[in-house]
Structures are given as structure tokens and as C-alpha cells.
Amino acid sequence: MTLSTTASQAFFDRAREVTPGGVNSPVRAFRGVGGVPRFIDSARGPWLTDVDGNRYVDLICSWGPMILGHAHPDVLASVTDAAAKGFSFGTPSESEVALAAEIVERVEPLEQVRLVSSGTEATMSALRLARGATGRSVVVKFAGCYHGHVDALLAQAGSGVATFALPDSAGVPASAAGETVVLPYNDLGAVEELFAVRGEEVAAVITEASPGNMGVVPPAPGFTEALRRITSAHGALLISDEVMTGFRCSRSGWYGLETGAEGAHPGGYPSGAPDLFTFGKVMGGGFPAAAFGGRADLMARLAPDGPVYQAGTLSGNPVATAAGLATLRACTDELYPRLLESARTIADAASDALSAEGVAHTVQWAGSMFSIFFRDEPVRSFADAQAQNTSAYGRFFHAMLEGGVHLPPSAFEAWFVSGALDTEALDVIRAALPAAAKAAAAG
């Protein structure tokens with residue numbers, strides 16, 4: 001039986017009349033998988049319900065923030081109480097201080113954070129601060145790492161490791177991307193070569209702590225530590241983008257996962273922590289909230305104390321900070337093992353089903369975040385991620401959707417689980433997998 005999409009199609013048709021592409025963020029348009037995007041009417045716990053009345057297990061979790069599940073009672077109560085007091089003040093408030101303090105307490109290298117409204121704004125502000133602090137202008141990023149739609153970071157690689165990039169989006173001036181260098185991810189040799197040539201010009205290296213925007217591609221052992229060592233040696237800053245991994249991979253994000261008792265660098269990276277971190281997603285609890293932060297001496301360069309200007313009318317919004325604080329306080333040490341157990345159950349079942357049908361695939365992890373790449377070999381770079389069978393993923397995606405499971409509508413995204421996943425939801429996932437694996441194999 002095919003699920004009805006009549007109402008979603010009608011909404012999508014109307015949306016395309018008033019909104020470019022019918023969506024307010026491109027991946028939602030289902031261009032990567034084809035078909036009709038589902039317009040969601042409501043969500044609770046691990047479930048999404050669309051405007052046609054179809055119900056799905058949610059493995060997108062709003063691209064990460066819904067770590068507790070949808071409409072979690074504690075978060076809902078905090079938001080309701082905050083909203084009853086006023087939606088926005090444009091002045092300091094107690095909840096923004098409490099949220100900042102919670103973030104600083106969780107990530108050991110942080111001394112101060114500045115709250116903003118989106119991950120894009122966080123990375124944009126961190127770059128401005130890095131340039132202001134160093135007096136340099138060149139930024140190094142890695143292919144496949146996404147840091148929001150900041151002009152300077154929407155760039156593709158040039159012809160060589162020291163070649164400045166060209167814009168990767170219409171509307172981005174060559175001058176905006178002209179001081180961005182894009183290197184292959186996990187290629188330490190390329191980093192060393194670039195710094196040997198232009199090290200004195202580099203303001204910062206920015207990297208996703210563990211990339212999730214080309215699918216989950218964790219840093220090779222020693223890669224983050226080497227970036228810290230190289231940047232320090234040349235007077236450049238290291239910015240760790242934890243917008244996706246922050247408070248999702250562990251209580252302290254990817255930093256906590258790598259530097260915790262069982263991490264690759266227990267006690268901290270030998271060459272020191274990144275200078276700046278950016279956060280979003282989980283810290284907003286589903287509301288528009290993000291942050292960037294680092295050492296107090298660096299953060300002191302921001303206005304009003306310093307010359308680097310950054311501001312935002314809705315930064316520290318009382319409703320958003322209430323949601324974020326309630327979410328982080330519920331992200332206890334007991335939650336993360338449960339997330340990992342659910343993720344392993346789903347990934348193992350998917351891998352078994354795909355193997356039974358002879359479908360090439362590999363599973364990669366960052367805490368409970370994972371991706372299933374439709375190729376045999378491990379994925380270590382964006383080029384590797386591109387060399388997968390995206391058509392097979394599209395067939396797999398639609399069969400899972402028909403079976404009541406909503407996966408990310410792109411082969412280049414992470415899968416997210418929530419603490420609300422229960423036996424019923426896991427049973428729906430298991431039941432949908434055999435047909436989805438057959439569909440993937442059918443091409």
C-alpha cells in the first residue's frame with residue numbers, strides 16, 4: 001500500500017508559488033532523493049506526523065537538536081513558562097547567563113561564550129574574531145566541511161593546495177572567497193604544504209570537529225592534534241565547529257569524546273585545545289540559538305570590550321535560551337549510552353539487511369551520530385563520500401519512508417537518534433529494512 005501524499009503535494013505546490021523551490025532550506029526539497037517532501041503537521045517523542053496523517057519514526061531529529069525527542073515535557077514546560085513572561089526583551093536576561101554558564105561548564109577549554117541565533121552566525125563571528133585577533137585574512141577550510149552559508153566559506157578547492165578558492169555559490173563575490181583556501185579533509189600533508197608556503201598569512205583553520213555534512217567522516221587519528229600543532233607553530237588560530245557534534249556526541253561534544261577517559265587523547269590534546277569553538281543544534285533545544293566561544297583573552301577582543309564588532313537583536317532570546325538550558329540539563333551522563341545503544345541497534349539491523357541483499361555499504365560513527373555510505377570502502381574525504389551509489393540510497397530512502405521511517409533526504413547527511421526511541425519505534429525500523437534493502441539492490 002502506497003502512503004497518501006495528496007496534502008503534502010498540495011502544500012508543496014503552494015509553497016513553490018511563494019517560496020523559492022518550495023522550501024526554506026534546500027535539502028528539504030527532496031532533490032537528493034526525488035519525490036514529494038513530507039510536510040509535517042506535528043511531532044512527539046520519536047514520531048513525526050505529516051499533513052496526510054502518515055506517521056514516521058524520526059531519524060532526522062531536526063538535523064540533530066531533538067536529542068531528547070519532540071515536545072519533551074521538561075523542555076515544553078520551560079518554554080511555556082518563559083513565553084508567558086515575554087517573547088523577547090532586547091536586554092540582558094537571567095536565562096542567557098545560565099545557558100552560557102552551562103556550556104562553559106561542559107567544555108573544559110571554554111572560558112567565555114557569546115550567544116547568537118544560528119550556526120552560520122556563530123562561524124561567521126568566530127572567523128571575524130580570528131581575523132581581528134591575528135591581523136591576518138586567510139582562512140583554511142576543508143572540502144566537505146560545511147560551516148553555514150557564510151560567503152567566505154562557500155568555496156571549492158582550486159587547482160593546488162596553495163591556490164585560493166573560487167566561489168561555490170552565485171552571489172558570492174570572488175573577493176569574499178578569494179582569501180579562503182580549501183584543502184582535502186584528513187590530508188595532513190596538504191595542510192603542512194600550505195603552511196610551508198603561506199603560513200604567515202593564515203588567520204585560522206576551521207574544521208568540523210567530526211564532519212557530518214558529507215555524511216559522518218571522523219578525523220583520522222592524530223589529525224586534530226596535528227592541526228593544533230601546525231596552527232600554533234605559525235601563529236594561526238584553530239576553530240573547531242561543533243555546531244552538529246556539540247553536546248550530541250557526548251556531554252562535551254566531540255572534544256569530550258576524544259579527550260575523555262576512553263578517548264584518543266584523555267585529558268586533552270597534547271598540543272592544546274582549539275582556540276575557538278562554535279555550537280548550535282542541541283544547545284537550542286529546537287529553537288534558533290547558537291554560540292561561539294574560547295579563551296577569555298580572545299573573547300575580550302569582542303565589543304563592547306574590544307574592537308571586533310558583533311551584535312544581534314535576538315541573541316540570547318529568553319524563550320530559546322530556556323529551551324536550550326532545559327535540553328542541556330536533561331542531557332545527562334545516562335542519556336548518551338542509551339543513544340548509542342539505539343543507534344547501534346538501528347545501524348546493525350540496517351547493515352544486516354543490506355548485506356543480505358548484497359548491497360555495498362559501510363557505516364561510520366561520531367558518538368551516536370552515524371551514516372551508511374553506499375560503497376564498500378571507508379570514507380575519509382569528500383571525494384570518497386561522492387564515490388558512493390546515491391541512486392541506491394534514494395531507493396532505500398523511499399522504501400523506508402513507505403515503511404514509516406523518515407531518514408535524511410540525502411546520502412550526504414548524518415542519521416540522528418533521540419532518547420525517546422522506544423520498542424515500538426525500533427520495531428517499525430526493523431520491519432521496514434528488508435524491503436528497503438531489496439529496493440536498494442534493485443538498481
# chains A, B, ... in the order shown; residues from 1 in each chain; ligands from 1
$ select_by_dssp --residues "segment 36-106 of chain A" --states "helix (DSSP H, G or I)" --output "PDB file with N, CA and C atoms, in the first residue's frame"
ATOM      1  N   CYS A  61      15.654  14.129  13.464  1.00  0.00           N
ATOM      2  CA  CYS A  61      15.683  14.865  14.740  1.00  0.00           C
ATOM      3  C   CYS A  61      16.000  16.342  14.519  1.00  0.00           C
ATOM      4  N   SER A  62      15.360  16.944  13.496  1.00  0.00           N
ATOM      5  CA  SER A  62      15.586  18.341  13.143  1.00  0.00           C
ATOM      6  C   SER A  62      17.060  18.610  12.858  1.00  0.00           C
ATOM      7  N   TRP A  63      17.738  17.591  12.251  1.00  0.00           N
ATOM      8  CA  TRP A  63      19.176  17.641  11.947  1.00  0.00           C
ATOM      9  C   TRP A  63      20.011  17.735  13.215  1.00  0.00           C
ATOM     10  N   PRO A  73       8.638  16.846  27.796  1.00  0.00           N
ATOM     11  CA  PRO A  73       7.873  17.566  28.826  1.00  0.00           C
ATOM     12  C   PRO A  73       8.672  18.637  29.561  1.00  0.00           C
ATOM     13  N   ASP A  74       9.920  18.357  29.909  1.00  0.00           N
ATOM     14  CA  ASP A  74      10.711  19.346  30.655  1.00  0.00           C
ATOM     15  C   ASP A  74      11.008  20.581  29.804  1.00  0.00           C
ATOM     16  N   VAL A  75      11.320  20.337  28.529  1.00  0.00           N
ATOM     17  CA  VAL A  75      11.607  21.465  27.631  1.00  0.00           C
ATOM     18  C   VAL A  75      10.331  22.255  27.360  1.00  0.00           C
ATOM     19  N   LEU A  76       9.243  21.549  27.125  1.00  0.00           N
ATOM     20  CA  LEU A  76       7.966  22.211  26.866  1.00  0.00           C
ATOM     21  C   LEU A  76       7.553  23.091  28.042  1.00  0.00           C
ATOM     22  N   ALA A  77       7.733  22.584  29.251  1.00  0.00           N
ATOM     23  CA  ALA A  77       7.371  23.365  30.436  1.00  0.00           C
ATOM     24  C   ALA A  77       8.244  24.615  30.558  1.00  0.00           C
ATOM     25  N   SER A  78       9.533  24.473  30.298  1.00  0.00           N
ATOM     26  CA  SER A  78      10.438  25.623  30.383  1.00  0.00           C
ATOM     27  C   SER A  78      10.101  26.678  29.334  1.00  0.00           C
ATOM     28  N   VAL A  79       9.790  26.224  28.124  1.00  0.00           N
ATOM     29  CA  VAL A  79       9.440  27.155  27.049  1.00  0.00           C
ATOM     30  C   VAL A  79       8.128  27.867  27.362  1.00  0.00           C
ATOM     31  N   THR A  80       7.152  27.121  27.861  1.00  0.00           N
ATOM     32  CA  THR A  80       5.857  27.706  28.198  1.00  0.00           C
ATOM     33  C   THR A  80       5.999  28.768  29.279  1.00  0.00           C
ATOM     34  N   ASP A  81       6.779  28.454  30.308  1.00  0.00           N
ATOM     35  CA  ASP A  81       7.000  29.417  31.391  1.00  0.00           C
ATOM     36  C   ASP A  81       7.720  30.666  30.888  1.00  0.00           C
ATOM     37  N   ALA A  82       8.732  30.462  30.041  1.00  0.00           N
ATOM     38  CA  ALA A  82       9.488  31.602  29.519  1.00  0.00           C
ATOM     39  C   ALA A  82       8.615  32.474  28.620  1.00  0.00           C
ATOM     40  N   ALA A  83       7.826  31.844  27.754  1.00  0.00           N
ATOM     41  CA  ALA A  83       6.993  32.603  26.827  1.00  0.00           C
ATOM     42  C   ALA A  83       5.930  33.415  27.570  1.00  0.00           C
ATOM     43  N   ALA A  84       5.461  32.863  28.675  1.00  0.00           N
ATOM     44  CA  ALA A  84       4.447  33.578  29.454  1.00  0.00           C
ATOM     45  C   ALA A  84       4.990  34.876  30.040  1.00  0.00           C
ATOM     46  N   LYS A  85       6.308  34.957  30.178  1.00  0.00           N
ATOM     47  CA  LYS A  85       6.937  36.162  30.736  1.00  0.00           C
ATOM     48  C   LYS A  85       7.310  37.184  29.665  1.00  0.00           C
ATOM     49  N   GLU A  94      18.348  36.627  32.743  1.00  0.00           N
ATOM     50  CA  GLU A  94      18.971  35.595  33.568  1.00  0.00           C
ATOM     51  C   GLU A  94      19.219  34.300  32.801  1.00  0.00           C
ATOM     52  N   SER A  95      18.279  33.916  31.910  1.00  0.00           N
ATOM     53  CA  SER A  95      18.392  32.616  31.257  1.00  0.00           C
ATOM     54  C   SER A  95      19.579  32.556  30.306  1.00  0.00           C
ATOM     55  N   GLU A  96      19.948  33.680  29.683  1.00  0.00           N
ATOM     56  CA  GLU A  96      21.087  33.641  28.775  1.00  0.00           C
ATOM     57  C   GLU A  96      22.392  33.448  29.547  1.00  0.00           C
ATOM     58  N   VAL A  97      22.463  34.001  30.738  1.00  0.00           N
ATOM     59  CA  VAL A  97      23.647  33.791  31.578  1.00  0.00           C
ATOM     60  C   VAL A  97      23.723  32.333  32.013  1.00  0.00           C
ATOM     61  N   ALA A  98      22.584  31.770  32.372  1.00  0.00           N
ATOM     62  CA  ALA A  98      22.552  30.372  32.815  1.00  0.00           C
ATOM     63  C   ALA A  98      22.948  29.428  31.683  1.00  0.00           C
ATOM     64  N   LEU A  99      22.480  29.699  30.458  1.00  0.00           N
ATOM     65  CA  LEU A  99      22.834  28.840  29.331  1.00  0.00           C
ATOM     66  C   LEU A  99      24.331  28.959  29.019  1.00  0.00           C
ATOM     67  N   ALA A 100      24.858  30.174  29.014  1.00  0.00           N
ATOM     68  CA  ALA A 100      26.290  30.357  28.771  1.00  0.00           C
ATOM     69  C   ALA A 100      27.114  29.625  29.825  1.00  0.00           C
ATOM     70  N   ALA A 101      26.690  29.710  31.074  1.00  0.00           N
ATOM     71  CA  ALA A 101      27.420  29.037  32.150  1.00  0.00           C
ATOM     72  C   ALA A 101      27.379  27.523  31.993  1.00  0.00           C
ATOM     73  N   GLU A 102      26.247  26.995  31.547  1.00  0.00           N
ATOM     74  CA  GLU A 102      26.127  25.552  31.327  1.00  0.00           C
ATOM     75  C   GLU A 102      27.070  25.091  30.221  1.00  0.00           C
ATOM     76  N   ILE A 103      27.182  25.854  29.155  1.00  0.00           N
ATOM     77  CA  ILE A 103      28.077  25.494  28.056  1.00  0.00           C
ATOM     78  C   ILE A 103      29.528  25.543  28.502  1.00  0.00           C
ATOM     79  N   VAL A 104      29.901  26.601  29.206  1.00  0.00           N
ATOM     80  CA  VAL A 104      31.281  26.745  29.689  1.00  0.00           C
ATOM     81  C   VAL A 104      31.637  25.608  30.645  1.00  0.00           C
ATOM     82  N   GLU A 105      30.691  25.220  31.473  1.00  0.00           N
ATOM     83  CA  GLU A 105      30.957  24.138  32.440  1.00  0.00           C
ATOM     84  C   GLU A 105      31.177  22.810  31.736  1.00  0.00           C
ATOM     85  N   ARG A 106      30.522  22.593  30.605  1.00  0.00           N
ATOM     86  CA  ARG A 106      30.592  21.299  29.937  1.00  0.00           C
ATOM     87  C   ARG A 106      31.860  21.116  29.095  1.00  0.00           C
TER      88      ARG A 106
END
$ residues_around --residues "Gly324 of chain A" --least-positions-apart "5" --cutoff "7 Å" --atoms "only C-alpha atoms" --output "PyMOL selection string"
chain A and resi 99+283-285
$ residues_around --residues "Asp352 of chain A" --least-positions-apart "4" --cutoff "10 Å" --atoms "only C-alpha atoms" --output "list in words"
Ile346, Ala347, Asp348, Ala356, Glu357, Gly358, Leu433, Pro434 and Ala437 of chain A
$ residues_around --residues "Asp41 of chain A" --least-positions-apart "2" --cutoff "10 Å" --atoms "only C-alpha atoms" --output "short mmCIF file (atom, residue, chain, number, x, y, z; two decimals) with C-alpha atoms, in the first residue's frame"
data_model
loop_
_atom_site.label_atom_id
_atom_site.label_comp_id
_atom_site.auth_asym_id
_atom_site.auth_seq_id
_atom_site.Cartn_x
_atom_site.Cartn_y
_atom_site.Cartn_z
CA SER A 8 1.87 17.27 1.15
CA ARG A 38 6.57 15.44 3.56
CA PHE A 39 5.02 18.46 5.23
CA ALA A 43 5.80 15.66 16.31
CA LEU A 48 6.58 12.72 13.05
CA THR A 49 3.03 13.03 11.69
CA ASP A 50 2.56 14.62 8.27
CA VAL A 51 -0.37 16.61 6.91
CA ASP A 52 -1.79 13.44 5.30
CA GLY A 53 -1.87 11.73 8.68
CA ASN A 54 1.10 9.41 7.98
#
$ closest_residue --among "A:Leu129, A:Ala323, A:Val107, A:Ala439" --to "Ser250 of chain A" --atoms "only C-alpha atoms"
A:Val107
$ atom_distance --atom1 "atom CA of Gly199 of chain A" --atom2 "atom CA of Val379 of chain A"
28.4 Å
$ atom_distance --atom1 "atom CA of Ala360 of chain A" --atom2 "atom CA of Tyr393 of chain A"
10.8 Å
$ residues_around --residues "Trp365 of chain A" --least-positions-apart "4" --cutoff "8 Å" --atoms "only C-alpha atoms" --output "list in words"
Val216, Val217, Pro218, Met369, Phe370 and Ser371 of chain A
$ write_last_selection --atoms "N, CA, C and O atoms" --output "PDB file, in the first residue's frame"
ATOM      1  N   VAL A 216      28.927  11.172   7.987  1.00  0.00           N
ATOM      2  CA  VAL A 216      29.822  11.162   9.152  1.00  0.00           C
ATOM      3  C   VAL A 216      31.197  10.655   8.727  1.00  0.00           C
ATOM      4  O   VAL A 216      31.361   9.496   8.345  1.00  0.00           O
ATOM      5  N   VAL A 217      32.181  11.558   8.803  1.00  0.00           N
ATOM      6  CA  VAL A 217      33.554  11.240   8.410  1.00  0.00           C
ATOM      7  C   VAL A 217      34.471  11.733   9.531  1.00  0.00           C
ATOM      8  O   VAL A 217      34.926  12.876   9.525  1.00  0.00           O
ATOM      9  N   PRO A 218      34.740  10.899  10.519  1.00  0.00           N
ATOM     10  CA  PRO A 218      35.547  11.361  11.656  1.00  0.00           C
ATOM     11  C   PRO A 218      36.977  11.673  11.257  1.00  0.00           C
ATOM     12  O   PRO A 218      37.490  11.142  10.260  1.00  0.00           O
ATOM     13  N   MET A 369      25.929   9.612  16.402  1.00  0.00           N
ATOM     14  CA  MET A 369      25.704  10.019  15.015  1.00  0.00           C
ATOM     15  C   MET A 369      26.316   8.961  14.104  1.00  0.00           C
ATOM     16  O   MET A 369      27.426   8.497  14.354  1.00  0.00           O
ATOM     17  N   PHE A 370      25.610   8.611  13.032  1.00  0.00           N
ATOM     18  CA  PHE A 370      26.215   7.677  12.091  1.00  0.00           C
ATOM     19  C   PHE A 370      25.678   7.931  10.685  1.00  0.00           C
ATOM     20  O   PHE A 370      24.667   8.606  10.485  1.00  0.00           O
ATOM     21  N   SER A 371      26.407   7.407   9.708  1.00  0.00           N
ATOM     22  CA  SER A 371      25.978   7.435   8.315  1.00  0.00           C
ATOM     23  C   SER A 371      26.211   6.071   7.709  1.00  0.00           C
ATOM     24  O   SER A 371      27.179   5.381   8.064  1.00  0.00           O
TER      25      SER A 371
END
$ select_by_dssp --residues "segment 170-407 of chain A" --states "strand (DSSP E or B)" --output "VMD selection string"
chain A and resid 180 to 183 202 to 208 213 215 237 to 242 276 to 279 290 to 294 302 308 362 to 366 369 to 373 405 to 406
$ residues_around --residues "Arg31 of chain A" --least-positions-apart "4" --cutoff "9 Å" --atoms "only C-alpha atoms" --output "list of chain:residue names"
A:Pro26, A:Val27, A:Gly35, A:Pro409, A:Ser410
$ write_last_selection --atoms "N, CA and C atoms" --output "CSV table (one decimal), in the first residue's frame"
chain,number,residue,atom,x,y,z
A,26,PRO,N,17.5,24.1,1.4
A,26,PRO,CA,17.4,23.4,0.2
A,26,PRO,C,17.2,21.9,0.3
A,27,VAL,N,17.9,21.2,1.3
A,27,VAL,CA,17.8,19.8,1.4
A,27,VAL,C,16.4,19.3,1.6
A,35,GLY,N,10.9,12.8,-5.4
A,35,GLY,CA,9.6,12.6,-4.7
A,35,GLY,C,9.1,13.8,-4.1
A,409,PRO,N,16.9,13.1,3.8
A,409,PRO,CA,16.7,13.0,2.3
A,409,PRO,C,17.9,13.3,1.5
A,410,SER,N,19.0,12.8,1.9
A,410,SER,CA,20.3,13.0,1.2
A,410,SER,C,21.3,11.9,1.6
$ residues_around --residues "Asn213 of chain A" --least-positions-apart "6" --cutoff "8 Å" --atoms "only C-alpha atoms" --output "list in words"
Gly144, Cys145, Tyr146, Phe412, Glu413 and Ala414 of chain A
$ write_last_selection --atoms "N, CA, C and O atoms" --output "CSV table (one decimal), in the first residue's frame"
chain,number,residue,atom,x,y,z
A,144,GLY,N,34.1,19.4,1.9
A,144,GLY,CA,33.1,18.6,2.5
A,144,GLY,C,32.7,19.0,3.9
A,144,GLY,O,31.7,18.5,4.4
A,145,CYS,N,33.5,19.9,4.5
A,145,CYS,CA,33.1,20.5,5.8
A,145,CYS,C,32.2,21.7,5.6
A,145,CYS,O,32.6,22.6,4.8
A,146,TYR,N,31.0,21.7,6.2
A,146,TYR,CA,30.0,22.8,6.0
A,146,TYR,C,30.0,23.6,7.3
A,146,TYR,O,29.9,23.1,8.4
A,412,PHE,N,24.3,12.3,1.8
A,412,PHE,CA,25.4,13.1,2.4
A,412,PHE,C,25.1,13.7,3.8
A,412,PHE,O,25.5,14.8,4.1
A,413,GLU,N,24.3,13.0,4.6
A,413,GLU,CA,23.9,13.5,5.9
A,413,GLU,C,24.1,12.5,6.9
A,413,GLU,O,24.2,11.3,6.6
A,414,ALA,N,24.1,12.9,8.2
A,414,ALA,CA,24.1,12.0,9.3
A,414,ALA,C,22.7,11.6,9.7
A,414,ALA,O,21.8,12.3,9.5
$ atom_distance --atom1 "atom CA of Leu238 of chain A" --atom2 "atom CA of Val202 of chain A"
10.4 Å
$ closest_residue --among "A:Trp254, A:Tyr56, A:Phe277, A:Phe397" --to "Gly367 of chain A" --atoms "only C-alpha atoms"
A:Trp254
$ closest_residue --among "A:Ala296, A:Val57, A:Ala15, A:Leu183" --to "Asp422 of chain A" --atoms "only C-alpha atoms"
A:Val57
$ closest_residue --among "A:Asn389, A:Thr180, A:Thr259, A:Gln310" --to "Ala411 of chain A" --atoms "only C-alpha atoms"
A:Asn389
$ decode --residues "segment 101-128 of chain A" --atoms "N, CA, C and O atoms" --output "CSV table (one decimal), in the first residue's frame"
chain,number,residue,atom,x,y,z
A,101,ALA,N,26.7,29.7,31.1
A,101,ALA,CA,27.4,29.0,32.1
A,101,ALA,C,27.4,27.5,32.0
A,101,ALA,O,28.4,26.8,32.3
A,102,GLU,N,26.2,27.0,31.5
A,102,GLU,CA,26.1,25.6,31.3
A,102,GLU,C,27.1,25.1,30.2
A,102,GLU,O,27.7,24.0,30.3
A,103,ILE,N,27.2,25.9,29.2
A,103,ILE,CA,28.1,25.5,28.1
A,103,ILE,C,29.5,25.5,28.5
A,103,ILE,O,30.3,24.6,28.2
A,104,VAL,N,29.9,26.6,29.2
A,104,VAL,CA,31.3,26.7,29.7
A,104,VAL,C,31.6,25.6,30.6
A,104,VAL,O,32.8,25.1,30.6
A,105,GLU,N,30.7,25.2,31.5
A,105,GLU,CA,31.0,24.1,32.4
A,105,GLU,C,31.2,22.8,31.7
A,105,GLU,O,32.0,22.0,32.2
A,106,ARG,N,30.5,22.6,30.6
A,106,ARG,CA,30.6,21.3,29.9
A,106,ARG,C,31.9,21.1,29.1
A,106,ARG,O,32.3,20.0,28.9
A,107,VAL,N,32.4,22.2,28.6
A,107,VAL,CA,33.6,22.1,27.6
A,107,VAL,C,34.7,22.7,28.3
A,107,VAL,O,34.8,24.0,28.3
A,108,GLU,N,35.7,21.9,28.8
A,108,GLU,CA,36.7,22.4,29.7
A,108,GLU,C,37.6,23.6,29.1
A,108,GLU,O,37.9,24.5,29.9
A,109,PRO,N,37.9,23.6,27.8
A,109,PRO,CA,38.8,24.8,27.4
A,109,PRO,C,38.0,26.1,27.3
A,109,PRO,O,38.7,27.1,27.2
A,110,LEU,N,36.7,26.1,27.3
A,110,LEU,CA,35.9,27.3,27.2
A,110,LEU,C,36.0,28.1,28.5
A,110,LEU,O,35.9,27.6,29.6
A,111,GLU,N,36.2,29.4,28.3
A,111,GLU,CA,36.2,30.3,29.4
A,111,GLU,C,35.0,31.3,29.3
A,111,GLU,O,34.4,31.7,30.2
A,112,GLN,N,34.7,31.7,28.0
A,112,GLN,CA,33.6,32.6,27.8
A,112,GLN,C,32.9,32.2,26.4
A,112,GLN,O,33.6,31.7,25.5
A,113,VAL,N,31.6,32.4,26.3
A,113,VAL,CA,30.9,32.2,25.1
A,113,VAL,C,30.0,33.5,24.8
A,113,VAL,O,29.6,34.2,25.7
A,114,ARG,N,29.8,33.7,23.5
A,114,ARG,CA,28.8,34.7,23.1
A,114,ARG,C,27.7,34.0,22.4
A,114,ARG,O,27.9,33.2,21.5
A,115,LEU,N,26.4,34.3,22.8
A,115,LEU,CA,25.3,33.6,22.2
A,115,LEU,C,24.8,34.4,21.0
A,115,LEU,O,24.9,35.6,20.9
A,116,VAL,N,24.4,33.6,19.9
A,116,VAL,CA,23.9,34.2,18.7
A,116,VAL,C,22.7,33.3,18.3
A,116,VAL,O,22.2,32.6,19.1
A,117,SER,N,22.2,33.5,17.1
A,117,SER,CA,20.9,32.9,16.7
A,117,SER,C,21.0,31.7,15.7
A,117,SER,O,20.0,31.0,15.5
A,118,SER,N,22.2,31.5,15.1
A,118,SER,CA,22.3,30.4,14.2
A,118,SER,C,23.8,29.9,14.1
A,118,SER,O,24.7,30.7,14.4
A,119,GLY,N,24.0,28.7,13.6
A,119,GLY,CA,25.3,28.2,13.4
A,119,GLY,C,26.1,29.0,12.4
A,119,GLY,O,27.3,29.2,12.6
A,120,THR,N,25.4,29.4,11.3
A,120,THR,CA,26.1,30.3,10.4
A,120,THR,C,26.6,31.6,11.0
A,120,THR,O,27.8,32.0,10.8
A,121,GLU,N,25.8,32.2,11.9
A,121,GLU,CA,26.2,33.4,12.6
A,121,GLU,C,27.4,33.1,13.5
A,121,GLU,O,28.3,33.9,13.7
A,122,ALA,N,27.4,31.9,14.2
A,122,ALA,CA,28.5,31.6,15.1
A,122,ALA,C,29.8,31.4,14.3
A,122,ALA,O,30.8,32.0,14.8
A,123,THR,N,29.8,30.7,13.2
A,123,THR,CA,31.1,30.6,12.5
A,123,THR,C,31.5,31.9,11.8
A,123,THR,O,32.7,32.2,11.8
A,124,MET,N,30.6,32.7,11.3
A,124,MET,CA,30.9,34.0,10.7
A,124,MET,C,31.6,34.8,11.8
A,124,MET,O,32.6,35.5,11.5
A,125,SER,N,31.0,34.8,13.0
A,125,SER,CA,31.6,35.7,14.1
A,125,SER,C,32.9,35.1,14.5
A,125,SER,O,33.8,35.9,14.9
A,126,ALA,N,33.1,33.8,14.6
A,126,ALA,CA,34.3,33.3,15.0
A,126,ALA,C,35.4,33.6,14.0
A,126,ALA,O,36.6,33.9,14.4
A,127,LEU,N,35.1,33.6,12.7
A,127,LEU,CA,36.1,34.0,11.7
A,127,LEU,C,36.5,35.4,11.8
A,127,LEU,O,37.7,35.8,11.7
A,128,ARG,N,35.5,36.3,12.1
A,128,ARG,CA,35.8,37.7,12.2
A,128,ARG,C,36.7,37.9,13.4
A,128,ARG,O,37.7,38.7,13.4
